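Coordinates as given in upload08.csv (CSV, C-alpha atoms):
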chain,number,residue,atom,x,y,z
A,1,MET,CA,-3.4,-21.3,-14.5
A,2,THR,CA,-2.4,-22.6,-11.1
A,3,THR,CA,-2.1,-20.9,-7.8
A,4,THR,CA,-0.6,-23.8,-5.9
A,5,THR,CA,2.4,-23.1,-3.7
A,6,SER,CA,4.7,-25.8,-2.4
A,7,GLY,CA,5.6,-26.1,1.2
A,8,ASP,CA,9.3,-25.6,0.7
A,9,THR,CA,8.8,-22.3,-1.2
A,10,ALA,CA,6.5,-20.7,1.3
A,11,PRO,CA,8.6,-18.5,3.7
A,12,HIS,CA,8.7,-19.3,7.3
A,13,ALA,CA,6.2,-22.2,7.1
A,14,ALA,CA,6.9,-23.0,10.8
A,15,SER,CA,4.5,-20.2,11.9
A,16,ALA,CA,1.1,-21.8,12.7
A,17,THR,CA,-1.1,-19.0,11.3
A,18,PRO,CA,-0.6,-15.6,9.7
A,19,ALA,CA,-1.4,-14.1,13.1
A,20,ASP,CA,1.7,-15.7,14.5
A,21,SER,CA,3.9,-14.5,11.6
A,22,VAL,CA,6.9,-12.4,12.0
A,23,PHE,CA,5.3,-9.7,9.9
A,24,VAL,CA,2.2,-9.4,12.1
A,25,GLN,CA,4.4,-9.5,15.3
A,26,ALA,CA,6.6,-6.7,14.0
A,27,CYS,CA,3.6,-4.6,13.1
A,28,ARG,CA,2.5,-5.0,16.7
A,29,GLY,CA,5.9,-4.1,18.1
A,30,GLU,CA,6.4,-7.6,19.5
A,31,PRO,CA,9.8,-9.4,19.6
A,32,VAL,CA,10.7,-11.1,16.3
A,33,PRO,CA,13.3,-13.6,15.3
A,34,HIS,CA,14.3,-11.4,12.4
A,35,THR,CA,13.0,-8.3,10.6
A,36,PRO,CA,10.2,-9.1,8.2
A,37,VAL,CA,10.4,-7.8,4.6
A,38,TRP,CA,8.1,-7.3,1.7
A,39,PHE,CA,8.1,-4.8,-1.1
A,40,MET,CA,5.5,-2.3,-2.3
A,41,ARG,CA,4.7,-3.2,-6.0
A,42,GLN,CA,6.3,-6.6,-5.5
A,43,ALA,CA,3.5,-8.1,-7.4
A,44,GLY,CA,4.0,-6.7,-10.8
A,45,ARG,CA,6.1,-4.8,-13.2
A,46,SER,CA,9.6,-6.1,-12.4
A,47,LEU,CA,8.6,-9.8,-12.8
A,48,PRO,CA,8.8,-11.3,-16.3
A,49,GLU,CA,6.2,-13.9,-15.3
A,50,TYR,CA,3.8,-11.0,-14.4
A,51,ARG,CA,4.3,-9.3,-17.7
A,52,GLU,CA,3.7,-12.5,-19.5
A,53,LEU,CA,0.5,-13.2,-17.5
A,54,ARG,CA,-0.8,-9.6,-17.9
A,55,SER,CA,-0.1,-9.5,-21.7
A,56,GLY,CA,-3.3,-8.3,-23.5
A,57,THR,CA,-5.2,-7.7,-20.2
A,58,GLY,CA,-6.1,-4.2,-19.0
A,59,MET,CA,-5.3,-3.3,-15.4
A,60,LEU,CA,-9.0,-2.9,-14.3
A,61,GLN,CA,-9.9,-6.1,-16.1
A,62,ALA,CA,-7.1,-8.0,-14.4
A,63,CYS,CA,-8.1,-6.6,-11.0
A,64,ARG,CA,-11.6,-8.1,-11.5
A,65,GLN,CA,-10.4,-11.7,-12.2
A,66,PRO,CA,-9.9,-13.5,-8.9
A,67,GLU,CA,-7.8,-16.3,-10.2
A,68,LEU,CA,-5.5,-13.9,-12.1
A,69,VAL,CA,-5.3,-11.7,-9.0
A,70,ALA,CA,-4.3,-14.6,-6.9
A,71,GLU,CA,-1.7,-15.8,-9.3
A,72,ILE,CA,-0.1,-12.4,-9.6
A,73,THR,CA,-0.1,-11.9,-5.8
A,74,LEU,CA,1.6,-15.2,-5.3
A,75,GLN,CA,4.4,-14.7,-7.8
A,76,PRO,CA,6.7,-12.7,-5.6
A,77,VAL,CA,6.0,-14.9,-2.6
A,78,ARG,CA,7.3,-17.9,-4.5
A,79,ARG,CA,10.2,-16.1,-6.2
A,80,HIS,CA,11.5,-13.9,-3.3
A,81,GLY,CA,10.5,-15.6,-0.1
A,82,VAL,CA,9.0,-12.3,1.3
A,83,ASP,CA,7.3,-12.4,4.7
A,84,ALA,CA,4.0,-11.1,3.4
A,85,ALA,CA,1.9,-10.9,0.2
A,86,ILE,CA,0.0,-7.8,-0.8
A,87,LEU,CA,-3.2,-8.1,-2.8
A,88,PHE,CA,-2.8,-7.2,-6.4
A,89,SER,CA,-5.3,-4.5,-7.1
A,90,ASP,CA,-5.4,-0.7,-7.8
A,91,ILE,CA,-6.5,2.1,-5.6
A,92,VAL,CA,-9.2,3.2,-8.0
A,93,VAL,CA,-11.0,-0.2,-8.0
A,94,PRO,CA,-13.4,0.8,-5.2
A,95,VAL,CA,-14.3,4.1,-6.8
A,96,ALA,CA,-15.0,2.4,-10.1
A,97,ALA,CA,-17.3,0.0,-8.1
A,98,ALA,CA,-19.0,3.2,-6.8
A,99,GLY,CA,-20.0,4.2,-10.3
A,100,VAL,CA,-17.1,6.4,-11.4
A,101,GLU,CA,-16.3,5.9,-15.1
A,102,LEU,CA,-12.5,5.6,-15.4
A,103,ASP,CA,-9.7,3.8,-17.1
A,104,ILE,CA,-6.2,2.9,-16.0
A,105,VAL,CA,-4.1,4.0,-19.0
A,106,ALA,CA,-0.7,2.4,-19.4
A,107,GLY,CA,2.1,4.9,-18.8
A,108,THR,CA,-0.3,7.4,-17.4
A,109,GLY,CA,-2.4,5.9,-14.6
A,110,PRO,CA,-6.1,6.4,-13.7
A,111,VAL,CA,-8.0,8.7,-16.0
A,112,ILE,CA,-11.4,9.9,-14.9
A,113,ALA,CA,-14.0,10.4,-17.6
A,114,ASP,CA,-16.1,13.0,-15.7
A,115,PRO,CA,-14.0,14.7,-12.9
A,116,VAL,CA,-15.6,15.7,-9.6
A,117,ARG,CA,-15.8,19.4,-9.3
A,118,SER,CA,-19.1,20.2,-7.5
A,119,ALA,CA,-21.5,19.0,-4.8
A,120,ALA,CA,-23.7,17.5,-7.5
A,121,ASP,CA,-20.7,15.5,-8.7
A,122,VAL,CA,-20.1,14.2,-5.2
A,123,GLY,CA,-23.7,13.0,-5.2
A,124,ARG,CA,-22.9,10.6,-8.0
A,125,LEU,CA,-20.6,8.6,-5.8
A,126,ARG,CA,-22.7,5.9,-4.2
A,127,ARG,CA,-21.7,3.7,-1.3
A,128,ILE,CA,-20.4,0.2,-2.1
A,129,SER,CA,-21.2,-3.2,-0.7
A,130,LEU,CA,-19.8,-6.7,-0.9
A,131,ASP,CA,-21.9,-7.2,-4.1
A,132,ASP,CA,-19.9,-4.5,-5.9
A,133,VAL,CA,-16.5,-5.9,-5.1
A,134,GLY,CA,-17.3,-9.6,-4.8
A,135,PHE,CA,-14.3,-10.4,-7.1
A,136,VAL,CA,-12.0,-9.0,-4.3
A,137,ASP,CA,-13.7,-11.1,-1.7
A,138,GLU,CA,-13.1,-14.2,-3.9
A,139,ALA,CA,-9.5,-13.3,-4.7
A,140,VAL,CA,-8.7,-12.9,-1.0
A,141,ARG,CA,-10.3,-16.2,-0.1
A,142,LEU,CA,-8.3,-18.0,-2.8
A,143,LEU,CA,-5.1,-16.4,-1.6
A,144,VAL,CA,-5.6,-17.1,2.1
A,145,ALA,CA,-6.1,-20.8,1.2
A,146,GLU,CA,-2.9,-20.9,-0.8
A,147,LEU,CA,-0.7,-18.7,1.4
A,148,GLY,CA,-1.1,-20.8,4.6
A,149,ALA,CA,0.9,-19.1,7.3
A,150,THR,CA,2.1,-16.3,5.1
A,151,PRO,CA,0.0,-13.2,5.8
A,152,LEU,CA,-1.9,-11.3,3.1
A,153,ILE,CA,-2.0,-7.5,3.2
A,154,GLY,CA,-5.1,-5.8,1.9
A,155,PHE,CA,-4.9,-2.3,0.8
A,156,ALA,CA,-6.8,0.8,-0.3
A,157,GLY,CA,-6.2,4.4,-1.3
A,158,ALA,CA,-6.7,7.1,1.3
A,159,PRO,CA,-9.5,9.6,0.8
A,160,PHE,CA,-7.2,12.5,-0.1
A,161,THR,CA,-5.3,10.6,-2.8
A,162,LEU,CA,-8.6,9.2,-4.3
A,163,ALA,CA,-10.1,12.7,-4.2
A,164,SER,CA,-7.1,14.1,-6.0
A,165,TYR,CA,-7.5,11.6,-8.9
A,166,LEU,CA,-11.2,12.3,-9.0
A,167,VAL,CA,-10.9,16.1,-9.0
A,168,GLU,CA,-7.9,16.4,-11.3
A,169,GLY,CA,-9.2,13.8,-13.7
A,170,GLY,CA,-5.9,11.8,-13.5
A,171,PRO,CA,-2.4,12.1,-12.1
A,172,SER,CA,-1.1,15.6,-11.4
A,173,ARG,CA,2.2,17.2,-10.4
A,174,THR,CA,0.7,20.3,-8.8
A,175,HIS,CA,-2.7,19.1,-7.5
A,176,ALA,CA,-3.9,22.6,-8.4
A,177,ARG,CA,-7.5,21.7,-9.0
A,178,THR,CA,-7.6,19.6,-5.8
A,179,LYS,CA,-6.2,22.4,-3.7
A,180,ALA,CA,-8.5,24.9,-5.4
A,181,LEU,CA,-11.6,22.9,-4.4
A,182,MET,CA,-10.2,22.5,-0.8
A,183,TYR,CA,-9.7,26.2,-0.4
A,184,ALA,CA,-12.7,27.6,-2.3
A,185,ASP,CA,-15.4,25.0,-1.4
A,186,PRO,CA,-14.4,23.2,1.8
A,187,GLU,CA,-18.0,22.0,2.3
A,188,THR,CA,-17.9,20.1,-1.0
A,189,TRP,CA,-14.4,18.9,-0.3
A,190,HIS,CA,-15.2,17.4,3.0
A,191,ALA,CA,-18.4,15.8,1.6
A,192,LEU,CA,-16.3,14.2,-1.1
A,193,CYS,CA,-13.7,12.9,1.3
A,194,ALA,CA,-16.4,11.7,3.7
A,195,ARG,CA,-18.0,9.6,1.0
A,196,LEU,CA,-14.6,8.3,-0.1
A,197,ALA,CA,-13.8,7.3,3.5
A,198,GLU,CA,-17.1,5.3,3.6
A,199,ILE,CA,-16.1,3.6,0.3
A,200,THR,CA,-12.6,2.9,1.6
A,201,VAL,CA,-13.8,1.4,4.9
A,202,GLU,CA,-16.1,-1.0,3.1
A,203,PHE,CA,-13.5,-2.0,0.6
A,204,LEU,CA,-11.0,-2.8,3.4
A,205,ARG,CA,-13.6,-4.5,5.5
A,206,VAL,CA,-14.4,-6.9,2.6
A,207,GLN,CA,-10.7,-7.8,2.5
A,208,VAL,CA,-10.4,-8.4,6.2
A,209,ALA,CA,-13.6,-10.4,6.4
A,210,ALA,CA,-12.2,-12.6,3.6
A,211,GLY,CA,-9.1,-13.2,5.6
A,212,ALA,CA,-6.5,-10.4,5.0
A,213,SER,CA,-4.1,-10.3,8.0
A,214,ALA,CA,-3.3,-6.6,7.7
A,215,VAL,CA,-4.3,-3.6,5.7
A,216,GLN,CA,-2.3,-0.7,4.2
A,217,LEU,CA,-3.8,2.7,3.5
A,218,PHE,CA,-1.9,4.5,0.7
A,219,ASP,CA,-2.0,8.3,0.8
A,220,SER,CA,0.4,8.6,-2.2
A,221,TRP,CA,-0.1,12.4,-2.8
A,222,ALA,CA,-0.4,13.6,0.8
A,223,GLY,CA,3.1,15.0,0.6
A,224,ALA,CA,1.8,17.8,-1.6
A,225,LEU,CA,0.3,19.4,1.4
A,226,SER,CA,1.5,21.5,4.3
A,227,GLU,CA,1.0,20.1,7.8
A,228,ALA,CA,-1.7,22.8,8.5
A,229,ASP,CA,-3.6,21.8,5.3
A,230,TYR,CA,-3.2,18.1,6.0
A,231,ARG,CA,-4.6,18.5,9.5
A,232,ARG,CA,-7.6,20.6,8.3
A,233,TYR,CA,-8.5,18.9,5.1
A,234,VAL,CA,-7.2,15.3,5.2
A,235,LEU,CA,-6.5,14.0,8.7
A,236,PRO,CA,-10.2,13.8,9.8
A,237,HIS,CA,-11.0,11.5,6.9
A,238,SER,CA,-8.0,9.3,7.4
A,239,VAL,CA,-9.0,9.0,11.1
A,240,THR,CA,-12.4,7.9,10.0
A,241,VAL,CA,-10.9,5.0,7.9
A,242,LEU,CA,-8.4,3.8,10.4
A,243,HIS,CA,-10.6,4.1,13.5
A,244,SER,CA,-13.4,2.3,11.7
A,245,LEU,CA,-11.0,-0.7,11.4
A,246,ALA,CA,-9.9,-0.5,15.0
A,247,ASP,CA,-12.1,-3.5,15.8
A,248,ALA,CA,-11.0,-5.6,12.8
A,249,GLY,CA,-8.2,-7.3,14.8
A,250,VAL,CA,-5.5,-6.7,12.1
A,251,PRO,CA,-2.6,-4.3,12.0
A,252,ARG,CA,-3.2,-1.1,10.1
A,253,ILE,CA,-0.4,0.5,8.0
A,254,HIS,CA,-0.5,4.1,6.8
A,255,PHE,CA,1.9,5.2,4.0
A,256,GLY,CA,2.5,8.3,2.0
A,257,VAL,CA,5.3,9.8,-0.2
A,258,GLY,CA,7.1,13.0,0.7
A,259,THR,CA,5.5,13.1,4.1
A,260,ALA,CA,8.5,13.8,6.3
A,261,GLU,CA,6.8,16.9,7.8
A,262,LEU,CA,3.5,15.1,8.1
A,263,LEU,CA,4.7,11.9,9.9
A,264,GLY,CA,3.6,13.1,13.4
A,265,ALA,CA,0.1,14.1,12.1
A,266,MET,CA,-0.2,10.8,10.1
A,267,ALA,CA,0.6,8.9,13.3
A,268,GLU,CA,-2.4,10.6,14.9
A,269,ALA,CA,-4.7,9.1,12.3
A,270,GLY,CA,-4.6,5.8,14.2
A,271,ALA,CA,-2.4,3.3,12.3
A,272,ASP,CA,-0.3,0.7,14.1
A,273,VAL,CA,2.5,1.1,11.6
A,274,VAL,CA,3.6,4.3,9.8
A,275,GLY,CA,5.3,3.8,6.4
A,276,VAL,CA,8.2,6.1,5.7
A,277,ASP,CA,9.6,7.0,2.3
A,278,TRP,CA,13.4,7.0,1.6
A,279,ARG,CA,13.9,10.7,2.4
A,280,THR,CA,13.6,10.4,6.2
A,281,PRO,CA,15.9,8.1,8.3
A,282,LEU,CA,13.8,5.6,10.3
A,283,ASP,CA,15.3,6.6,13.6
A,284,ALA,CA,14.3,10.2,12.9
A,285,ALA,CA,10.9,9.0,11.7
A,286,THR,CA,10.4,7.1,15.0
A,287,VAL,CA,10.9,10.2,17.0
A,288,ARG,CA,8.2,11.9,14.9
A,289,VAL,CA,5.6,9.1,15.0
A,290,GLY,CA,6.2,8.3,18.7
A,291,PRO,CA,7.5,5.3,20.6
A,292,ASP,CA,4.2,3.3,20.5
A,293,ARG,CA,4.1,2.7,16.7
A,294,SER,CA,6.1,0.5,14.4
A,295,VAL,CA,7.6,1.8,11.2
A,296,GLN,CA,7.9,0.4,7.7
A,297,GLY,CA,10.5,1.2,5.1
A,298,ASN,CA,12.6,2.6,3.7
A,299,LEU,CA,15.3,1.8,1.1
A,300,ASP,CA,15.3,4.1,-1.9
A,301,PRO,CA,13.9,2.0,-4.8
A,302,CYS,CA,16.6,3.4,-7.1
A,303,LEU,CA,19.3,1.9,-4.9
A,304,LEU,CA,18.2,-1.5,-6.3
A,305,LEU,CA,19.8,-0.5,-9.6
A,306,ALA,CA,23.2,0.1,-7.9
A,307,PRO,CA,26.1,-2.4,-7.6
A,308,TRP,CA,25.5,-5.0,-4.9
A,309,PRO,CA,28.0,-3.7,-2.4
A,310,VAL,CA,26.2,-0.4,-2.4
A,311,ILE,CA,22.9,-2.1,-1.9
A,312,GLU,CA,24.2,-4.2,0.9
A,313,THR,CA,25.6,-1.2,2.8
A,314,GLU,CA,22.3,0.6,2.5
A,315,VAL,CA,20.2,-2.3,3.6
A,316,ARG,CA,22.3,-2.7,6.7
A,317,ARG,CA,21.9,1.1,7.4
A,318,VAL,CA,18.1,0.9,7.1
A,319,LEU,CA,18.0,-2.2,9.4
A,320,ALA,CA,20.2,-0.4,12.0
A,321,GLU,CA,18.0,2.7,11.9
A,322,GLY,CA,14.9,0.6,12.2
A,323,LEU,CA,16.1,-0.7,15.6
A,324,ALA,CA,15.0,2.6,17.1
A,325,ALA,CA,11.3,1.7,16.6
A,326,PRO,CA,9.4,-0.9,18.7
A,327,GLY,CA,8.8,-2.8,15.4
A,328,HIS,CA,10.3,-2.5,11.9
A,329,VAL,CA,9.0,-4.0,8.7
A,330,PHE,CA,11.7,-3.7,6.0
A,331,ASN,CA,10.4,-2.3,2.7
A,332,LEU,CA,11.3,0.2,0.1
A,333,GLY,CA,10.5,3.9,0.5
A,334,HIS,CA,8.1,3.5,-2.5
A,335,GLY,CA,7.3,0.8,-5.1
A,336,VAL,CA,9.6,-1.5,-7.0
A,337,LEU,CA,10.7,0.1,-10.2
A,338,PRO,CA,9.9,-1.8,-13.4
A,339,GLU,CA,13.6,-2.0,-14.4
A,340,THR,CA,14.6,-3.7,-11.1
A,341,ASP,CA,16.3,-7.1,-11.5
A,342,PRO,CA,14.1,-9.6,-9.6
A,343,GLU,CA,17.3,-11.5,-8.5
A,344,VAL,CA,18.3,-8.4,-6.6
A,345,LEU,CA,15.0,-8.4,-4.7
A,346,THR,CA,15.6,-12.0,-3.7
A,347,ARG,CA,19.1,-11.2,-2.5
A,348,VAL,CA,17.8,-8.3,-0.4
A,349,VAL,CA,15.2,-10.6,1.3
A,350,GLU,CA,18.0,-13.1,2.1
A,351,LEU,CA,20.2,-10.3,3.4
A,352,VAL,CA,17.5,-8.7,5.6
A,353,HIS,CA,16.7,-12.1,7.1
A,354,THR,CA,20.4,-12.9,7.7
A,355,VAL,CA,21.6,-9.6,9.1
A,356,SER,CA,18.6,-9.1,11.4
A,357,ALA,CA,18.5,-12.6,12.9
A,358,ARG,CA,18.2,-12.3,16.6
Represent the supplied structure as structure tokens.
Amino acid sequence: MTTTTSGDTAPHAASATPADSVFVQACRGEPVPHTPVWFMRQAGRSLPEYRELRSGTGMLQACRQPELVAEITLQPVRRHGVDAAILFSDIVVPVAAAGVELDIVAGTGPVIADPVRSAADVGRLRRISLDDVGFVDEAVRLLVAELGATPLIGFAGAPFTLASYLVEGGPSRTHARTKALMYADPETWHALCARLAEITVEFLRVQVAAGASAVQLFDSWAGALSEADYRRYVLPHSVTVLHSLADAGVPRIHFGVGTAELLGAMAEAGADVVGVDWRTPLDAATVRVGPDRSVQGNLDPCLLLAPWPVIETEVRRVLAEGLAAPGHVFNLGHGVLPETDPEVLTRVVELVHTVSAR
């Protein structure tokens, strides 16, 4: 296996360092020569080279092999010319490192062997250190060396989304057990989220110390909550994570799905960039998050299955709406679908760079 990238395939190699990159500049709301673009789940299921590489290797096993992680992370950078790489991992990696017995089941997602339902269960979650996730540190260092001026985004799951997996025992449509614990035993709920915030902070700090140029906090399931419940049960713990990284010197991105009514509250958590799903126009989202934060998003992933003229029209619309924010990072409103044609992703990158050139 090789993780070597050639100079003529690395995007925008003229940037001296990742800190000078158009991606980091846009995150900070600084002037940029063009809108940067990357895709959530760009490293993975839509790429035939990924499927070939992952064949016979379980997800958790793959996440714990630094050379494999590096190669998978680099694949979309080589193929698409995106402006940033994102570490190939999974949001449950740190909770597994904290002693939770789980598996990532193909077609289902994370499945927890012994769900968290009581204060005693919370006590089983230990803090993590570099020793517990040394494979992540190694993978990031390998990637930083290979990527050169292309920034690497580290990531982690937010406390609420991690808590939902732990309480439900796996993915859920209703989050009924999660909400029941929140409402019936708020003390245990907050203890669980506080411990998950500690774990998340350490997981992200490991990535930043190893050279990640930005971090993204995924709160995938936050959209299941009302704004009042979000503020009471979730926001304090997201604040803990994001504020704990305020001195890290890298942009912090905060993203959730179905969060239109939560965008203002999410902005208060402390991120530099708020990710927006496809349901909310970016100019409207900018009003909600305020004029001092950049936005990321937000093409509907399903649009990538449409004819190219439709895709082009919608890409141009998203770019136009993104001009309302001080900074815009083009992305999808959620992850790349497995059935997406990789060639379409490459064309979208080229289109974004061309249309947005200043």
Nearest candidate to Leu74 in chain A (options A:Gly148, A:Pro281, A:Arg126, A:His34; using all atoms listed in the file):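 Of all the options, A:Gly148 lies closest to Leu74 in chain A.
One distance worth recording is that between CA of Ala324 in chain A and CA of Asp283 in chain A, which is 5.3 Å.
Relative to CA of Gly134 in chain A, CA of Thr73 in chain A is found at 17.4 Å.
Closest approach to Asp341 in chain A among A:Trp189, A:Ala113, A:Val77, A:Ser46: A:Ser46, based on only C-alpha atoms.
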Need the neighbours of (8.2, 7.6, 16.1): which residues are at most 9 Å away, counting all atoms listed in the file, as number ranges by chain? A: 263-264, 267, 274, 282-295, 324-326
Closest of A:Arg347, A:His190, A:His254, A:His328 to Ala214 in chain A - atom-to-atom distances counting only C-alpha atoms: A:His254
Given all atoms listed in the file as the counted atoms, nearest of A:Leu192, A:Ile72, A:Leu166, A:Ala228 to Pro115 in chain A: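 Closest candidate: A:Leu166.
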For a test of reading the model, state the distance in Å between CA of Gly154 in chain A and CA of Thr280 in chain A, rounded to one decimal. 25.1 Å
Contacts between range 177-182 of chain A and range 72-154 of chain A, please, where a residue of range 72-154 of chain A counts if it comes within 12 Å (with all atoms listed in the file); show its shortest atom pair and distance in Å to one decimal, rows by chain and ascending number, as JSON lines.
{"residue": "A:Pro115", "atom": "CA", "partner": "A:Arg177", "partner_atom": "CA", "distance": 10.3}
{"residue": "A:Val116", "atom": "CA", "partner": "A:Thr178", "partner_atom": "CA", "distance": 9.7}
{"residue": "A:Arg117", "atom": "CA", "partner": "A:Leu181", "partner_atom": "CA", "distance": 7.3}
{"residue": "A:Ser118", "atom": "CA", "partner": "A:Leu181", "partner_atom": "CA", "distance": 8.6}
{"residue": "A:Ala119", "atom": "CA", "partner": "A:Leu181", "partner_atom": "CA", "distance": 10.6}
Output, as lines of an AutoDock Vina configuration file, the centre and edge lengths in Å (one decimal) of the axis-aligned box that contains all listed atoms of range 66-71 of chain A with 5 Å of margin on each side.
center_x = -5.8
center_y = -14.0
center_z = -9.5
size_x = 18.2
size_y = 14.6
size_z = 15.2
So, counting only C-alpha atoms, which residue among A:Val348, A:Gly99, A:Val206, A:Gly333 is closest to Pro309 in chain A? A:Val348
